[in-house]
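Pasted below: my_file-v4.tsv, TSV, C-alpha atoms.
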```tsv
chain	number	residue	atom	x	y	z
A	168	MET	CA	0.00	0.00	0.00
A	169	LEU	CA	1.20	3.51	-0.75
A	170	GLU	CA	1.91	5.90	2.12
A	171	SER	CA	-0.51	8.80	2.61
A	172	GLY	CA	1.53	11.40	0.71
A	173	ASP	CA	2.24	9.01	-2.16
A	174	LEU	CA	-1.42	8.06	-2.26
A	175	GLU	CA	-2.50	11.69	-2.58
A	176	ARG	CA	0.02	12.20	-5.39
A	177	ALA	CA	-1.28	9.07	-7.13
A	178	ILE	CA	-4.86	10.34	-6.93
A	179	GLY	CA	-3.75	13.70	-8.32
A	180	ALA	CA	-1.91	12.03	-11.20
A	181	ILE	CA	-4.98	9.99	-12.12
A	182	ARG	CA	-7.20	13.05	-12.05
A	183	GLN	CA	-4.68	14.79	-14.33
A	184	GLY	CA	-4.81	11.78	-16.65
A	185	ILE	CA	-8.60	11.97	-16.75
A	186	ALA	CA	-8.47	15.70	-17.43
A	187	GLY	CA	-5.97	15.19	-20.25
A	188	ALA	CA	-8.10	12.48	-21.84
A	189	CYS	CA	-11.14	14.73	-21.59
A	190	ALA	CA	-9.24	17.60	-23.23
A	191	ARG	CA	-8.21	15.34	-26.11
A	192	SER	CA	-11.78	14.16	-26.64
A	193	GLY	CA	-13.64	17.42	-26.02
A	194	ARG	CA	-15.22	16.34	-22.74
A	195	ASP	CA	-15.70	17.87	-19.31
A	196	PRO	CA	-13.74	16.05	-16.55
A	197	GLU	CA	-16.79	16.45	-14.32
A	198	GLU	CA	-18.49	13.86	-16.56
A	199	VAL	CA	-16.08	11.14	-15.37
A	200	ARG	CA	-16.32	9.49	-11.97
A	201	LEU	CA	-13.17	8.00	-10.47
A	202	ILE	CA	-13.92	4.82	-8.51
A	203	GLY	CA	-11.17	3.63	-6.19
A	204	ILE	CA	-11.19	-0.17	-6.15
A	205	THR	CA	-10.48	-1.42	-2.64
A	206	LYS	CA	-10.06	-5.18	-3.20
A	207	THR	CA	-7.51	-6.39	-0.59
A	208	VAL	CA	-6.93	-2.76	0.51
A	209	ALA	CA	-6.70	-2.02	4.24
A	210	ILE	CA	-9.32	0.15	5.89
A	211	ARG	CA	-6.75	2.82	6.77
A	212	ALA	CA	-5.95	3.18	3.06
A	213	VAL	CA	-9.64	3.67	2.30
A	214	GLU	CA	-9.77	6.37	4.97
A	215	ALA	CA	-6.68	8.06	3.50
A	216	ALA	CA	-8.09	7.95	-0.04
A	217	ALA	CA	-11.35	9.48	1.16
A	218	ALA	CA	-9.38	12.22	2.90
A	219	GLY	CA	-7.50	12.71	-0.38
A	220	GLY	CA	-10.69	13.45	-2.27
A	221	VAL	CA	-11.89	10.08	-3.58
A	222	THR	CA	-15.68	10.12	-3.35
A	223	ASP	CA	-16.45	6.73	-4.93
A	224	PHE	CA	-15.16	3.30	-3.98
A	225	GLY	CA	-15.71	-0.15	-5.43
A	226	GLU	CA	-15.41	-3.53	-3.77
A	227	ASN	CA	-15.52	-7.08	-5.14
A	228	TYR	CA	-16.77	-8.87	-2.04
A	229	VAL	CA	-19.90	-7.94	-0.14
A	230	GLN	CA	-18.48	-8.80	3.29
A	231	ASP	CA	-15.56	-6.42	2.64
A	232	LEU	CA	-17.88	-3.74	1.30
A	233	GLU	CA	-19.94	-3.90	4.48
A	234	ARG	CA	-16.81	-3.54	6.59
A	235	LYS	CA	-15.07	-0.84	4.54
A	236	ARG	CA	-18.13	1.30	3.93
A	237	ALA	CA	-17.92	2.43	7.55
A	238	ALA	CA	-14.45	3.86	6.78
A	239	ALA	CA	-15.91	6.21	4.16
A	240	PRO	CA	-19.60	6.51	5.01
A	241	ASP	CA	-20.16	9.64	2.93
A	242	ALA	CA	-18.74	8.07	-0.24
A	243	ARG	CA	-20.71	6.27	-2.95
A	244	TRP	CA	-20.01	2.54	-2.85
A	245	HIS	CA	-20.08	0.35	-5.93
A	246	PHE	CA	-20.22	-3.44	-5.97
A	247	VAL	CA	-17.94	-4.51	-8.81
A	248	GLY	CA	-17.69	-8.27	-8.30
A	249	ARG	CA	-19.84	-11.03	-9.71
A	250	VAL	CA	-23.34	-10.95	-8.24
A	251	GLN	CA	-24.15	-14.36	-6.78
A	252	ARG	CA	-27.77	-15.33	-6.29
A	253	ASN	CA	-27.40	-16.17	-2.60
A	254	LYS	CA	-25.79	-12.79	-1.88
A	255	ALA	CA	-27.83	-10.57	-4.21
A	256	ARG	CA	-30.08	-9.08	-1.55
A	257	ARG	CA	-27.16	-8.46	0.79
A	258	ILE	CA	-25.27	-6.73	-2.02
A	259	ALA	CA	-28.26	-4.54	-2.85
A	260	ARG	CA	-28.59	-3.36	0.75
A	261	VAL	CA	-25.08	-1.91	0.99
A	262	SER	CA	-24.37	-0.77	-2.59
A	263	ASP	CA	-25.23	2.53	-4.22
A	264	LEU	CA	-24.64	1.00	-7.65
A	265	VAL	CA	-24.24	-2.66	-8.63
A	266	HIS	CA	-21.92	-3.20	-11.60
A	267	GLY	CA	-21.87	-6.36	-13.63
A	268	VAL	CA	-25.47	-7.60	-13.71
A	269	GLU	CA	-25.94	-10.52	-16.09
A	270	PRO	CA	-28.83	-12.84	-17.01
A	271	GLY	CA	-29.81	-15.20	-14.23
A	272	ARG	CA	-31.48	-15.44	-10.86
A	273	ALA	CA	-29.14	-12.97	-9.17
A	274	ALA	CA	-30.83	-10.14	-11.07
A	275	GLU	CA	-34.17	-11.42	-9.79
A	276	GLY	CA	-32.87	-11.21	-6.21
A	277	LEU	CA	-31.80	-7.61	-6.69
A	278	ALA	CA	-35.19	-6.72	-8.16
A	279	ALA	CA	-37.03	-8.43	-5.31
A	280	LEU	CA	-35.28	-6.32	-2.67
A	281	GLY	CA	-35.82	-3.13	-4.68
A	282	THR	CA	-39.54	-3.89	-4.89
A	283	GLU	CA	-39.83	-4.71	-1.19
A	284	ARG	CA	-38.15	-1.54	-0.01
A	285	GLY	CA	-39.94	0.69	-2.52
A	286	ARG	CA	-36.70	2.01	-4.00
A	287	PRO	CA	-35.17	0.39	-7.07
A	288	VAL	CA	-31.66	-1.06	-7.03
A	289	ALA	CA	-29.41	0.89	-9.42
A	290	VAL	CA	-27.48	-1.44	-11.72
A	291	LEU	CA	-25.19	-1.60	-14.72
A	292	VAL	CA	-25.41	-4.48	-17.20
A	293	GLU	CA	-22.15	-6.22	-18.04
A	294	VAL	CA	-21.53	-6.87	-21.73
A	295	ASP	CA	-19.18	-9.66	-22.77
A	296	PHE	CA	-17.76	-9.13	-26.25
A	297	THR	CA	-15.63	-12.29	-26.11
A	298	GLY	CA	-18.04	-15.08	-25.20
A	299	ARG	CA	-15.54	-16.14	-22.54
A	300	ARG	CA	-16.30	-13.82	-19.63
A	301	VAL	CA	-19.16	-12.81	-17.37
A	302	GLY	CA	-22.02	-10.87	-18.91
A	303	VAL	CA	-24.55	-10.76	-21.71
A	304	ALA	CA	-23.52	-11.12	-25.34
A	305	PRO	CA	-23.72	-7.83	-27.28
A	306	GLU	CA	-26.33	-9.20	-29.65
A	307	ASP	CA	-28.57	-10.02	-26.67
A	308	ALA	CA	-27.84	-6.89	-24.64
A	309	GLU	CA	-30.66	-4.71	-25.95
A	310	ARG	CA	-33.28	-7.34	-25.20
A	311	PHE	CA	-31.86	-8.03	-21.74
A	312	VAL	CA	-31.59	-4.36	-20.80
A	313	GLY	CA	-35.16	-3.83	-21.99
A	314	GLU	CA	-36.39	-6.69	-19.82
A	315	LEU	CA	-34.60	-5.35	-16.76
A	316	SER	CA	-35.83	-1.81	-17.40
A	317	ASP	CA	-39.41	-3.07	-17.40
A	318	ARG	CA	-38.92	-4.87	-14.10
A	319	GLU	CA	-40.11	-3.21	-10.92
A	320	GLY	CA	-37.32	-2.94	-8.40
A	321	LEU	CA	-34.44	-2.23	-10.80
A	322	GLU	CA	-33.08	0.93	-12.38
A	323	VAL	CA	-30.69	0.22	-15.24
A	324	ARG	CA	-28.31	3.17	-15.53
A	325	GLY	CA	-25.87	1.93	-18.13
A	326	LEU	CA	-23.40	-0.68	-19.31
A	327	MET	CA	-19.99	-1.96	-18.28
A	328	THR	CA	-17.34	-4.21	-19.76
A	329	ILE	CA	-13.91	-5.64	-19.00
A	330	PRO	CA	-11.75	-6.24	-22.08
A	331	PRO	CA	-9.80	-9.50	-22.23
A	332	GLN	CA	-6.24	-9.43	-20.94
A	333	HIS	CA	-3.42	-9.21	-23.45
A	334	GLU	CA	-5.64	-7.64	-26.11
A	335	GLU	CA	-5.96	-4.03	-27.24
A	336	ALA	CA	-8.68	-2.60	-25.01
A	337	ARG	CA	-9.73	0.51	-26.87
A	338	SER	CA	-11.79	-1.27	-29.51
A	339	TYR	CA	-13.89	-2.87	-26.77
A	340	PHE	CA	-14.49	0.52	-25.16
A	341	SER	CA	-15.58	1.93	-28.50
A	342	ARG	CA	-17.96	-0.97	-29.11
A	343	LEU	CA	-19.56	-0.53	-25.69
A	344	ARG	CA	-20.12	3.17	-26.32
A	345	GLU	CA	-21.66	2.46	-29.72
A	346	LEU	CA	-23.93	-0.18	-28.18
A	347	ARG	CA	-25.04	2.20	-25.42
A	348	ASP	CA	-25.71	4.98	-27.94
A	349	ARG	CA	-27.94	2.71	-30.04
A	350	MET	CA	-29.92	1.60	-27.01
A	351	ALA	CA	-30.24	5.10	-25.56
A	352	ALA	CA	-32.57	6.11	-28.38
A	353	ASP	CA	-35.27	3.98	-26.71
A	354	LEU	CA	-33.85	4.02	-23.18
A	355	PRO	CA	-32.81	7.62	-22.43
A	356	GLY	CA	-31.93	6.74	-18.83
A	357	LEU	CA	-29.07	4.56	-20.08
A	358	THR	CA	-26.31	7.11	-19.56
A	359	GLU	CA	-23.44	5.39	-17.75
A	360	LEU	CA	-20.42	3.61	-19.24
A	361	SER	CA	-18.21	1.88	-16.67
A	362	MET	CA	-15.00	0.86	-18.43
A	363	GLY	CA	-11.29	1.30	-18.02
A	364	MET	CA	-8.92	0.40	-15.19
A	365	SER	CA	-5.44	1.38	-14.03
A	366	ALA	CA	-3.66	0.50	-17.27
A	367	ASP	CA	-6.15	1.87	-19.77
A	368	TYR	CA	-8.46	4.40	-18.09
A	369	GLU	CA	-7.32	7.27	-20.33
A	370	ASP	CA	-8.28	5.33	-23.47
A	371	ALA	CA	-11.63	4.54	-21.84
A	372	VAL	CA	-12.27	8.20	-21.06
A	373	GLU	CA	-11.45	9.18	-24.63
A	374	GLU	CA	-14.01	6.61	-25.77
A	375	GLY	CA	-16.75	7.96	-23.50
A	376	ALA	CA	-16.37	6.30	-20.09
A	377	THR	CA	-18.40	8.00	-17.35
A	378	MET	CA	-16.81	5.79	-14.67
A	379	VAL	CA	-13.31	4.36	-14.44
A	380	ARG	CA	-12.41	1.64	-11.93
A	381	VAL	CA	-8.88	2.24	-10.66
A	382	GLY	CA	-7.17	0.20	-7.96
A	383	THR	CA	-3.44	-0.39	-8.43
A	384	ALA	CA	-2.74	3.12	-9.73
A	385	ILE	CA	-4.19	4.55	-6.50
A	386	PHE	CA	-3.27	2.05	-3.83
A	387	GLY	CA	-0.20	0.35	-5.29
A	388	ALA	CA	0.33	-3.25	-6.31
A	389	ARG	CA	-1.75	-5.84	-4.48
A	390	PRO	CA	0.00	-8.36	-2.21
```

As a first step, turn the structure in this file into structure tokens.
Amino acid sequence: MLESGDLERAIGAIRQGIAGACARSGRDPEEVRLIGITKTVAIRAVEAAAAGGVTDFGENYVQDLERKRAAAPDARWHFVGRVQRNKARRIARVSDLVHGVEPGRAAEGLAALGTERGRPVAVLVEVDFTGRRVGVAPEDAERFVGELSDREGLEVRGLMTIPPQHEEARSYFSRLRELRDRMAADLPGLTELSMGMSADYEDAVEEGATMVRVGTAIFGARP
């Protein structure tokens, strides 16, 4: 983990990178939300990042999200792991936004809690362009998003994707933006694009990302 001063410099460098990417693509940096990914990160590092101006955090495991949320209670917390059916309701209770929703019974669990509490669960749909990862295939995405949007208890805010390792990521970011733009004609609430991580967030911003998920570049290499 980086020390406090190094962490603040890392956050500043990432924000500069986002600003530069926005300048190159004619965007406003305020359109891009930096999400600090806290997988394996100690609570004191979360506290330091919050003090350094990070207002959004993402966690892969619901038990860690529950524990770490108390370290930054005023931040927005994103669940960025795979949503398992037996943990869907628990995830929905502690997340401000659930990334990575895919077809299956986990989505039903999220919707059930949203209906019960009278406030929909905000979600992003994960698109898998490779056929080898988690998510819905791009050719099925419009139908799936439409089904979720019609379901009481869910609010679909956008799309997300994770490009395959060892491949050029930018083309996948471009394809996700194009897919979102086509769908937005009928679903105007579909505004978010969560894409880009530590190694490629500037490319993602240039291609239209509204959220970038950055862990290593903020907190240092994981153990």

TODO: Would you mind listing what lies within 8 Å of Ile185 in chain A as a list in words, with only C-alpha atoms counted and same-chain residues fewer than 3 positions away left out?
DONE: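 After dropping sequence-adjacent residues, the list is Ile181, Arg182, Ala188, Cys189, Pro196, Val199, Tyr368, Glu369 and Val372 of chain A.
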
Writing out the chosen residues with C-alpha atoms as a PDB file, keeping the file's coordinate frame:
```pdb
ATOM      1  CA  ILE A 181      -4.980   9.990 -12.120  1.00  0.00           C
ATOM      2  CA  ARG A 182      -7.200  13.050 -12.050  1.00  0.00           C
ATOM      3  CA  ALA A 188      -8.100  12.480 -21.840  1.00  0.00           C
ATOM      4  CA  CYS A 189     -11.140  14.730 -21.590  1.00  0.00           C
ATOM      5  CA  PRO A 196     -13.740  16.050 -16.550  1.00  0.00           C
ATOM      6  CA  VAL A 199     -16.080  11.140 -15.370  1.00  0.00           C
ATOM      7  CA  TYR A 368      -8.460   4.400 -18.090  1.00  0.00           C
ATOM      8  CA  GLU A 369      -7.320   7.270 -20.330  1.00  0.00           C
ATOM      9  CA  VAL A 372     -12.270   8.200 -21.060  1.00  0.00           C
TER      10      VAL A 372
END
```

Open item on the list: One decimal, in Å: what's the spacing between CA of Gln183 in chain A and CA of Glu359 in chain A?
Closed with: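 Separation between CA of Gln183 in chain A and CA of Glu359 in chain A: 21.3 Å.
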
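For the choices A:Gly220, A:Gly267, A:Gly298, A:Pro305, the atom-to-atom distance to Arg349 in chain A is smallest for A:Pro305 when using all atoms listed in the file.
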
Open item on the list: Report, in Å with one decimal, the straight-line distance from CA of Leu280 in chain A to CA of Val379 in chain A.
Closed with: 27.1 Å

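Distance check against Arg337 in chain A using only C-alpha atoms: of A:Ala218, A:Ala376, A:Val229, A:Ala259, the minimum falls on A:Ala376.
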
Task: CA of Met327 in chain A to CA of Arg252 in chain A, straight-line distance in Å - done: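 Straight-line distance from CA of Arg252 in chain A to CA of Met327 in chain A works out to 19.6 Å.
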
Task: Pick from A:Leu291, A:Val301, A:Ala308, A:Val381 nearest to Pro331 in chain A, counting all atoms listed in the file - done: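 Under the stated criterion, the closest residue is A:Val301.
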
Open item on the list: Ranking A:Gly276, A:Gly382, A:Gly320, A:Gly302 by minimum distance to Val213 in chain A and counting only C-alpha atoms, which one comes first?
Closed with: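 Closest residue, counting only C-alpha atoms: A:Gly382.
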
Leaving out Phe296 in chain A and any residue of its chain fewer than 6 positions from it, which residues lie within 9 Å of it when counting all atoms listed in the file, given as a compact mmCIF listing (two decimals) with C-alpha atoms, in the frame of the given file?
```
# COMPACT_ATOMS: atom_id res chain seq x y z
CA GLY A 302 -22.02 -10.87 -18.91
CA VAL A 303 -24.55 -10.76 -21.71
CA ALA A 304 -23.52 -11.12 -25.34
CA PRO A 305 -23.72 -7.83 -27.28
CA THR A 328 -17.34 -4.21 -19.76
CA ILE A 329 -13.91 -5.64 -19.00
CA PRO A 330 -11.75 -6.24 -22.08
CA PRO A 331 -9.80 -9.50 -22.23
CA TYR A 339 -13.89 -2.87 -26.77
CA ARG A 342 -17.96 -0.97 -29.11
CA LEU A 343 -19.56 -0.53 -25.69
```

Task: Residue neighbourhood Lys206 in chain A, 10 Å, all atoms listed in the file, exclusion window fewer than 4 positions, as number ranges by chain - done: A: 224-228, 231-232, 247-248, 382-383, 386, 389
